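Data file: my_file.cif. Format and content: mmCIF, C-alpha atoms.
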data_data
loop_
_atom_site.label_atom_id
_atom_site.label_comp_id
_atom_site.auth_asym_id
_atom_site.auth_seq_id
_atom_site.Cartn_x
_atom_site.Cartn_y
_atom_site.Cartn_z
CA ASP I 66 200.65 275.88 141.96
CA GLY I 67 203.00 272.94 142.37
CA GLY I 68 203.00 271.20 145.67
CA ILE I 69 202.19 268.21 147.81
CA THR I 70 198.63 267.43 148.88
CA GLN I 71 197.92 265.22 151.83
CA SER I 72 194.44 264.06 152.72
CA PRO I 73 192.57 263.88 154.92
CA LYS I 74 193.81 266.50 157.34
CA TYR I 75 192.33 264.57 160.28
CA LEU I 76 191.68 260.83 160.44
CA PHE I 77 190.29 258.56 163.11
CA ARG I 78 190.95 254.87 163.32
CA LYS I 79 188.97 252.23 165.11
CA GLU I 80 190.61 249.25 166.74
CA GLY I 81 191.56 246.58 164.22
CA GLN I 82 191.03 248.85 161.25
CA ASN I 83 193.41 249.69 158.44
CA VAL I 84 193.44 253.29 157.24
CA THR I 85 195.10 254.85 154.23
CA LEU I 86 196.66 258.30 154.09
CA SER I 87 196.88 259.95 150.70
CA CYS I 88 199.86 261.86 149.33
CA GLU I 89 199.85 263.40 145.86
CA GLN I 90 202.49 265.66 144.31
CA ASN I 91 202.58 267.63 141.07
CA LEU I 92 206.22 268.68 141.33
CA ASN I 93 207.38 265.93 138.95
CA HIS I 94 209.56 264.59 141.76
CA ASP I 95 210.84 261.03 141.61
CA ALA I 96 211.48 260.46 145.31
CA MET I 97 208.77 260.47 147.95
CA TYR I 98 208.90 259.93 151.71
CA TRP I 99 206.62 259.28 154.66
CA TYR I 100 207.52 260.54 158.14
CA ARG I 101 205.92 260.18 161.52
CA GLN I 102 206.07 262.99 164.07
CA ASP I 103 205.32 262.46 167.75
CA PRO I 104 205.21 265.26 170.35
CA GLY I 105 208.67 266.33 171.42
CA GLN I 106 210.34 264.16 168.84
CA GLY I 107 211.82 264.81 165.48
CA LEU I 108 210.52 263.30 162.28
CA ARG I 109 211.14 259.60 161.82
CA LEU I 110 211.21 257.96 158.41
CA ILE I 111 208.62 255.25 157.77
CA TYR I 112 209.05 254.42 154.08
CA TYR I 113 210.56 256.04 151.03
CA SER I 114 210.46 255.52 147.30
CA GLN I 115 213.08 256.68 144.83
CA ILE I 116 211.20 255.56 141.72
CA VAL I 117 207.86 254.17 140.64
CA ASN I 118 207.19 250.55 141.64
CA ASP I 119 210.03 250.55 144.14
CA PHE I 120 210.16 251.50 147.83
CA GLN I 121 212.31 250.85 150.90
CA LYS I 122 211.67 250.62 154.60
CA GLY I 123 212.76 253.47 156.78
CA ASP I 124 213.52 253.37 160.48
CA ILE I 125 210.02 252.57 161.75
CA ALA I 126 208.27 250.61 158.97
CA GLU I 127 206.60 247.98 161.17
CA GLY I 128 202.83 248.21 161.03
CA TYR I 129 202.83 250.32 157.87
CA SER I 130 202.65 249.58 154.15
CA VAL I 131 203.00 251.68 151.00
CA SER I 132 202.64 251.45 147.25
CA ARG I 133 204.08 253.51 144.42
CA GLU I 134 202.12 252.73 141.28
CA LYS I 135 202.27 256.26 139.93
CA LYS I 136 204.95 258.89 140.10
CA GLU I 137 202.53 261.41 141.59
CA SER I 138 201.13 259.22 144.35
CA PHE I 139 202.55 257.51 147.44
CA PRO I 140 199.76 256.33 149.77
CA LEU I 141 200.53 255.08 153.25
CA THR I 142 198.42 252.41 154.95
CA VAL I 143 198.47 252.22 158.70
CA THR I 144 197.58 248.63 159.48
CA SER I 145 196.02 247.14 162.60
CA ALA I 146 199.49 245.80 163.42
CA GLN I 147 200.59 249.33 164.28
CA LYS I 148 199.64 249.42 167.96
CA ASN I 149 200.35 253.08 168.56
CA PRO I 150 199.33 254.90 165.41
CA THR I 151 198.34 258.22 166.99
CA ALA I 152 200.72 260.74 165.45
CA PHE I 153 201.16 263.44 162.84
CA TYR I 154 202.13 262.04 159.44
CA LEU I 155 204.06 264.07 156.89
CA CYS I 156 204.71 263.26 153.26
CA ALA I 157 207.65 264.75 151.37
CA SER I 158 209.18 264.63 147.92
CA THR I 159 212.34 265.63 146.13
CA SER I 160 213.97 265.21 142.75
CA ARG I 161 215.81 261.97 141.97
CA ASP I 162 219.23 263.57 141.73
CA SER I 163 218.88 264.88 145.25
CA ALA I 164 221.37 262.20 146.28
CA VAL I 165 224.00 264.15 144.40
CA THR I 166 222.83 267.69 144.76
CA ASN I 167 220.80 267.12 147.91
CA GLN I 168 217.97 269.37 146.96
CA PRO I 169 215.66 270.02 149.90
CA GLN I 170 212.63 267.89 150.47
CA HIS I 171 209.25 269.55 150.03
CA PHE I 172 206.58 268.69 152.59
CA GLY I 173 202.81 268.43 152.61
CA ASP I 174 200.54 269.85 155.30
CA GLY I 175 200.29 266.55 157.16
CA THR I 176 197.57 264.20 158.39
CA ARG I 177 196.77 263.88 162.08
CA LEU I 178 195.72 260.33 162.94
CA SER I 179 193.95 259.48 166.17
CA ILE I 180 192.54 256.32 167.70
CA LEU I 181 188.81 256.19 168.49
CA ALA C 223 226.23 256.87 163.07
CA GLN C 224 224.61 260.16 162.25
CA LYS C 225 222.91 262.25 164.89
CA VAL C 226 221.44 265.73 165.28
CA THR C 227 221.01 267.33 168.68
CA GLN C 228 218.82 270.33 169.36
CA ALA C 229 219.25 270.71 173.09
CA GLN C 230 216.83 273.62 173.45
CA THR C 231 213.36 272.15 173.74
CA GLU C 232 211.54 275.45 174.04
CA ILE C 233 212.59 279.10 173.99
CA SER C 234 210.46 282.13 174.83
CA VAL C 235 211.49 285.64 173.88
CA VAL C 236 209.82 289.00 173.74
CA GLU C 237 209.23 290.52 170.35
CA LYS C 238 212.24 292.34 168.89
CA GLU C 239 214.72 290.30 170.88
CA ASP C 240 217.38 288.31 169.03
CA VAL C 241 217.34 284.55 169.50
CA THR C 242 219.74 281.76 168.52
CA LEU C 243 218.67 278.18 167.99
CA ASP C 244 221.44 275.63 168.44
CA CYS C 245 222.09 272.57 166.30
CA VAL C 246 224.94 270.13 166.89
CA TYR C 247 225.50 267.20 164.57
CA GLU C 248 227.56 264.02 164.38
CA THR C 249 228.67 262.31 161.21
CA ARG C 250 231.66 260.45 159.83
CA ASP C 251 230.94 261.60 156.29
CA THR C 252 233.23 264.17 154.73
CA THR C 253 230.45 265.29 152.41
CA TYR C 254 227.16 266.04 154.05
CA TYR C 255 224.33 268.54 154.02
CA LEU C 256 222.60 270.45 156.77
CA PHE C 257 219.13 271.91 156.66
CA TRP C 258 216.84 274.09 158.72
CA TYR C 259 213.07 273.81 158.48
CA LYS C 260 210.30 275.82 160.13
CA GLN C 261 207.06 274.16 161.23
CA PRO C 262 204.35 276.74 161.96
CA PRO C 263 201.18 275.74 163.84
CA SER C 264 199.55 274.72 160.55
CA GLY C 265 201.91 271.74 160.43
CA GLU C 266 203.77 271.83 157.16
CA LEU C 267 207.56 272.01 157.16
CA VAL C 268 208.92 275.05 155.38
CA PHE C 269 212.45 274.84 154.02
CA LEU C 270 214.74 277.65 155.22
CA ILE C 271 218.29 276.79 154.23
CA ARG C 272 220.61 274.06 152.96
CA ARG C 273 224.35 274.09 153.55
CA ASN C 274 226.93 271.59 152.30
CA SER C 275 229.94 270.58 154.34
CA PHE C 276 232.42 272.35 152.08
CA ASP C 277 230.80 275.73 152.43
CA GLU C 278 231.44 277.25 155.85
CA GLN C 279 230.49 280.72 154.82
CA ASN C 280 227.86 282.18 157.07
CA GLU C 281 224.64 283.23 155.42
CA ILE C 282 222.21 286.02 156.07
CA SER C 283 218.72 286.27 154.67
CA GLY C 284 216.81 289.23 155.99
CA ARG C 285 216.39 288.74 159.74
CA TYR C 286 217.70 285.18 159.54
CA SER C 287 221.35 284.19 159.74
CA TRP C 288 223.17 280.89 160.00
CA ASN C 289 226.55 280.14 161.55
CA PHE C 290 228.16 276.91 160.32
CA GLN C 291 231.26 275.79 162.22
CA LYS C 292 232.76 272.43 161.29
CA SER C 293 235.27 272.66 164.14
CA THR C 294 232.44 272.40 166.66
CA SER C 295 230.00 270.46 164.41
CA SER C 296 227.41 273.15 164.83
CA PHE C 297 224.98 274.87 162.52
CA ASN C 298 223.23 277.53 164.57
CA PHE C 299 220.34 279.70 163.45
CA THR C 300 219.80 283.28 164.63
CA ILE C 301 216.66 285.35 164.23
CA THR C 302 217.27 289.05 164.66
CA ALA C 303 214.50 291.32 165.94
CA SER C 304 212.10 288.42 166.40
CA GLN C 305 208.44 288.79 165.50
CA VAL C 306 205.32 286.96 166.65
CA VAL C 307 205.12 285.31 163.21
CA ASP C 308 208.43 283.60 163.95
CA SER C 309 206.68 281.46 166.56
CA ALA C 310 207.05 277.88 165.35
CA VAL C 311 208.98 274.68 165.83
CA TYR C 312 212.34 274.74 164.09
CA PHE C 313 214.08 271.56 162.96
CA CYS C 314 217.67 271.00 162.02
CA ALA C 315 218.41 268.03 159.75
CA LEU C 316 221.49 266.20 158.46
CA SER C 317 221.91 264.21 155.27
CA GLY C 318 224.96 262.28 154.15
CA LEU C 319 226.25 259.32 152.18
CA SER C 320 226.50 256.98 155.18
CA GLY C 321 222.77 257.42 155.66
CA THR C 322 222.11 257.09 151.93
CA TYR C 323 221.15 260.74 152.02
CA LYS C 324 218.07 260.16 154.12
CA TYR C 325 217.37 263.01 156.51
CA ILE C 326 218.21 262.70 160.20
CA PHE C 327 216.14 265.25 162.11
CA GLY C 328 216.77 266.78 165.49
CA THR C 329 213.94 266.84 168.00
CA GLY C 330 213.13 270.45 167.21
CA THR C 331 213.09 273.69 169.18
CA ARG C 332 209.77 275.38 169.88
CA LEU C 333 210.15 279.15 169.68
CA LYS C 334 207.53 281.36 171.28
CA VAL C 335 207.74 285.05 170.50
CA LEU C 336 205.60 287.10 172.86
CA ALA C 337 204.10 290.43 171.86
#
Could you write out this structure as structure tokens?
Amino acid sequence: DGGITQSPKYLFRKEGQNVTLSCEQNLNHDAMYWYRQDPGQGLRLIYYSQIVNDFQKGDIAEGYSVSREKKESFPLTVTSAQKNPTAFYLCASTSRDSAVTNQPQHFGDGTRLSIL
Amino acid sequence: AQKVTQAQTEISVVEKEDVTLDCVYETRDTTYYLFWYKQPPSGELVFLIRRNSFDEQNEISGRYSWNFQKSTSSFNFTITASQVVDSAVYFCALSGLSGTYKYIFGTGTRLKVLA
């Protein structure tokens, strides 16, 4: 079955620690996205990548970093500079021509990050 | 600037009641897209519908229907004869050229359907 796999489902971070959230897709999608969801708020875009080896900051990129070395993978690192990392993180993907046809984004099951 | 407003934070209905979730949007684009997603307790977002700005025809899919009105910048979602399995958070989203087709999400409406 094609889809998006996020791991782990739950993650705990200690003070001063960087943690990496995994996102893998087998949909052959070019574009991938990371969103943050806080209670009572909509999803906010952290980073996105339209093609391998290229990515752009979203609305709340500070304290986060990403890489896009493979088409299938778009890991997100929450650095120690992110002072309030507790949130639900969702990864999404869509085909490259979505800018023209605006195909819907497909989402993973999410990772819930908490501070220890 | 683009904006999506879902003024209803939480709605509770009894099973079999009809319920409408409101979505109001703002955009200066003439071409744009609107989406509805469902987020069940498990967390993933499930795509429900996409509508482009040139297609104002209402759509029905089983118990779900959508009313798109450009005159009022609204894209409302109605569930007929609600069921407990409809309990979820529902998000409306907007995508357009001025935002380089990134999604702008509303804050979501939590629907609770009581047995």
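When all atoms listed in the file are used to measure the gap to Glu237 of chain C, the shortest distance among C:Gly318, C:Ile301, C:Thr329, C:Val311 belongs to C:Ile301.
With all atoms listed in the file as the atoms that count, the residue of I:Tyr113, I:Phe172, I:Phe153, I:Phe77 with the shortest distance to Phe139 of chain I is I:Tyr113.
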TODO: Using all atoms listed in the file, select each residue of chain I with any atom at most 12 Å away from an atom of chain C, and give the selection as JSON, numbers by chain.
DONE: {"I": [68, 69, 70, 71, 74, 75, 96, 97, 98, 99, 100, 101, 102, 103, 104, 105, 106, 107, 108, 109, 110, 111, 112, 113, 114, 115, 121, 122, 123, 124, 153, 154, 155, 156, 157, 158, 159, 161, 162, 163, 164, 165, 166, 167, 168, 169, 170, 171, 172, 173, 174, 175, 176, 177]}
- [ ] Write out as a PyMOL selection string the residues lying within 8 Å of Val246 of chain C, counting only C-alpha atoms and excluding same-chain residues fewer than 5 positions away.
- [x] chain C and resi 226-228+294-298
Task: Polymer residues at most 9 Å from Gln147 of chain I, all atoms listed in the file, same-chain spacing of 5 or more positions, as a ChimeraX atom specification - done: /I:127-129
Open item on the list: For the provided coordinates, the residues matched by the PyMOL selection byres ((chain C and resi 335) around 8) should be stated as number ranges by chain.
Closed with: C: 234-237, 304-309, 333-334, 336-337
Would you save the residues from that selection as an mmCIF file, keeping the file's coordinate frame, using C-alpha atoms?
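Saved as out-v3.cif:
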data_model
loop_
_atom_site.group_PDB
_atom_site.id
_atom_site.type_symbol
_atom_site.label_atom_id
_atom_site.label_comp_id
_atom_site.auth_asym_id
_atom_site.auth_seq_id
_atom_site.Cartn_x
_atom_site.Cartn_y
_atom_site.Cartn_z
ATOM 1 C CA SER C 234 210.460 282.130 174.830
ATOM 2 C CA VAL C 235 211.490 285.640 173.880
ATOM 3 C CA VAL C 236 209.820 289.000 173.740
ATOM 4 C CA GLU C 237 209.230 290.520 170.350
ATOM 5 C CA SER C 304 212.100 288.420 166.400
ATOM 6 C CA GLN C 305 208.440 288.790 165.500
ATOM 7 C CA VAL C 306 205.320 286.960 166.650
ATOM 8 C CA VAL C 307 205.120 285.310 163.210
ATOM 9 C CA ASP C 308 208.430 283.600 163.950
ATOM 10 C CA SER C 309 206.680 281.460 166.560
ATOM 11 C CA LEU C 333 210.150 279.150 169.680
ATOM 12 C CA LYS C 334 207.530 281.360 171.280
ATOM 13 C CA LEU C 336 205.600 287.100 172.860
ATOM 14 C CA ALA C 337 204.100 290.430 171.860
#
Open item on the list: Restricting the calculation to only C-alpha atoms: of C:Phe299, C:Phe276, C:Tyr312, C:Trp288, which residue gets closest to Asp244 of chain C?
Closed with: C:Phe299
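With atom CA of Ala126 of chain I on one side and atom CA of Lys148 of chain I on the other, the separation reads 12.5 Å.
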TODO: Let me know the residues the PyMOL selection byres ((chain I and resi 82) around 12) catches in the file above, as a PyMOL selection string.
DONE: chain I and resi 77-81+83-85+128+142-148+150+180-181
Task: Evaluate the PyMOL selection byres ((chain C and resi 302) around 9) and report residues as a PyMOL selection string - done: chain C and resi 238-242+284-287+300-301+303-305
- [ ] Would you mind listing what lies within 7 Å of Leu141 of chain I as number ranges by chain, with all atoms listed in the file counted and same-chain residues fewer than 5 positions away left out?
- [x] I: 85-87, 130-131
Restrict the selected residues to C-alpha atoms and save them as an mmCIF file, in the coordinates of the input.
data_model
loop_
_atom_site.group_PDB
_atom_site.id
_atom_site.type_symbol
_atom_site.label_atom_id
_atom_site.label_comp_id
_atom_site.auth_asym_id
_atom_site.auth_seq_id
_atom_site.Cartn_x
_atom_site.Cartn_y
_atom_site.Cartn_z
ATOM 1 C CA THR I 85 195.100 254.850 154.230
ATOM 2 C CA LEU I 86 196.660 258.300 154.090
ATOM 3 C CA SER I 87 196.880 259.950 150.700
ATOM 4 C CA SER I 130 202.650 249.580 154.150
ATOM 5 C CA VAL I 131 203.000 251.680 151.000
#
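What separates atom CA of Asn280 of chain C from atom CA of Asp251 of chain C is a distance of 20.8 Å.
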Task: Interatomic distance, atom CA of Gly67 of chain I to atom CA of Glu89 of chain I (Å, one decimal) - done: 10.6 Å
Contact residues around Glu134 of chain I with all atoms listed in the file at 9 Å, ignoring same-chain residues under 2 positions, as a PDB file with C-alpha atoms, keeping the file's coordinate frame:
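Everything below was put into part_22.pdb:
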ATOM      1  CA  VAL I 117     207.860 254.170 140.640  1.00  0.00           C
ATOM      2  CA  ASN I 118     207.190 250.550 141.640  1.00  0.00           C
ATOM      3  CA  ASP I 119     210.030 250.550 144.140  1.00  0.00           C
ATOM      4  CA  SER I 132     202.640 251.450 147.250  1.00  0.00           C
ATOM      5  CA  LYS I 136     204.950 258.890 140.100  1.00  0.00           C
ATOM      6  CA  GLU I 137     202.530 261.410 141.590  1.00  0.00           C
ATOM      7  CA  SER I 138     201.130 259.220 144.350  1.00  0.00           C
ATOM      8  CA  PHE I 139     202.550 257.510 147.440  1.00  0.00           C
TER       9      PHE I 139
END
With 4 Å of padding per side, what axis-aligned box (centre and edge lengths, Å, one decimal) covers all the listed atoms of segment 104-123 of chain I? Give it as lines of an AutoDock Vina configuration file.
center_x = 209.1
center_y = 258.4
center_z = 156.0
size_x = 15.9
size_y = 23.8
size_z = 38.8
Could segment 316-328 of chain C be completed with N, CA, C and O atoms and returned as a PDB file, in the frame of the given file?
ATOM      1  N   LEU C 316     220.198 266.584 159.039  1.00  0.00           N
ATOM      2  CA  LEU C 316     221.490 266.200 158.460  1.00  0.00           C
ATOM      3  C   LEU C 316     221.260 265.128 157.413  1.00  0.00           C
ATOM      4  O   LEU C 316     220.441 264.230 157.588  1.00  0.00           O
ATOM      5  N   SER C 317     222.010 265.204 156.329  1.00  0.00           N
ATOM      6  CA  SER C 317     221.910 264.210 155.270  1.00  0.00           C
ATOM      7  C   SER C 317     223.308 263.914 154.753  1.00  0.00           C
ATOM      8  O   SER C 317     224.087 264.832 154.500  1.00  0.00           O
ATOM      9  N   GLY C 318     223.635 262.629 154.627  1.00  0.00           N
ATOM     10  CA  GLY C 318     224.960 262.280 154.150  1.00  0.00           C
ATOM     11  C   GLY C 318     224.998 260.897 153.538  1.00  0.00           C
ATOM     12  O   GLY C 318     224.043 260.128 153.658  1.00  0.00           O
ATOM     13  N   LEU C 319     226.126 260.573 152.913  1.00  0.00           N
ATOM     14  CA  LEU C 319     226.250 259.320 152.180  1.00  0.00           C
ATOM     15  C   LEU C 319     226.053 258.106 153.084  1.00  0.00           C
ATOM     16  O   LEU C 319     225.407 257.137 152.706  1.00  0.00           O
ATOM     17  N   SER C 320     226.594 258.156 154.305  1.00  0.00           N
ATOM     18  CA  SER C 320     226.500 256.980 155.180  1.00  0.00           C
ATOM     19  C   SER C 320     225.064 256.669 155.552  1.00  0.00           C
ATOM     20  O   SER C 320     224.745 255.557 155.949  1.00  0.00           O
ATOM     21  N   GLY C 321     224.193 257.641 155.418  1.00  0.00           N
ATOM     22  CA  GLY C 321     222.770 257.420 155.660  1.00  0.00           C
ATOM     23  C   GLY C 321     221.987 257.355 154.366  1.00  0.00           C
ATOM     24  O   GLY C 321     220.769 257.548 154.368  1.00  0.00           O
ATOM     25  N   THR C 322     222.684 257.098 153.286  1.00  0.00           N
ATOM     26  CA  THR C 322     222.110 257.090 151.930  1.00  0.00           C
ATOM     27  C   THR C 322     221.274 258.332 151.671  1.00  0.00           C
ATOM     28  O   THR C 322     220.234 258.280 151.021  1.00  0.00           O
ATOM     29  N   TYR C 323     221.743 259.418 152.209  1.00  0.00           N
ATOM     30  CA  TYR C 323     221.150 260.740 152.020  1.00  0.00           C
ATOM     31  C   TYR C 323     219.732 260.869 152.553  1.00  0.00           C
ATOM     32  O   TYR C 323     219.013 261.798 152.193  1.00  0.00           O
ATOM     33  N   LYS C 324     219.344 259.954 153.434  1.00  0.00           N
ATOM     34  CA  LYS C 324     218.070 260.160 154.120  1.00  0.00           C
ATOM     35  C   LYS C 324     218.307 261.230 155.184  1.00  0.00           C
ATOM     36  O   LYS C 324     219.398 261.385 155.723  1.00  0.00           O
ATOM     37  N   TYR C 325     217.268 261.952 155.516  1.00  0.00           N
ATOM     38  CA  TYR C 325     217.370 263.010 156.510  1.00  0.00           C
ATOM     39  C   TYR C 325     217.380 262.423 157.926  1.00  0.00           C
ATOM     40  O   TYR C 325     216.586 261.541 158.245  1.00  0.00           O
ATOM     41  N   ILE C 326     218.243 262.953 158.759  1.00  0.00           N
ATOM     42  CA  ILE C 326     218.210 262.700 160.200  1.00  0.00           C
ATOM     43  C   ILE C 326     217.806 264.024 160.844  1.00  0.00           C
ATOM     44  O   ILE C 326     218.523 265.018 160.732  1.00  0.00           O
ATOM     45  N   PHE C 327     216.659 264.019 161.511  1.00  0.00           N
ATOM     46  CA  PHE C 327     216.140 265.250 162.110  1.00  0.00           C
ATOM     47  C   PHE C 327     216.512 265.329 163.589  1.00  0.00           C
ATOM     48  O   PHE C 327     216.575 264.316 164.300  1.00  0.00           O
ATOM     49  N   GLY C 328     216.715 266.539 164.055  1.00  0.00           N
ATOM     50  CA  GLY C 328     216.770 266.780 165.490  1.00  0.00           C
ATOM     51  C   GLY C 328     215.357 266.773 166.048  1.00  0.00           C
ATOM     52  O   GLY C 328     214.380 266.649 165.306  1.00  0.00           O
TER      53      GLY C 328
END
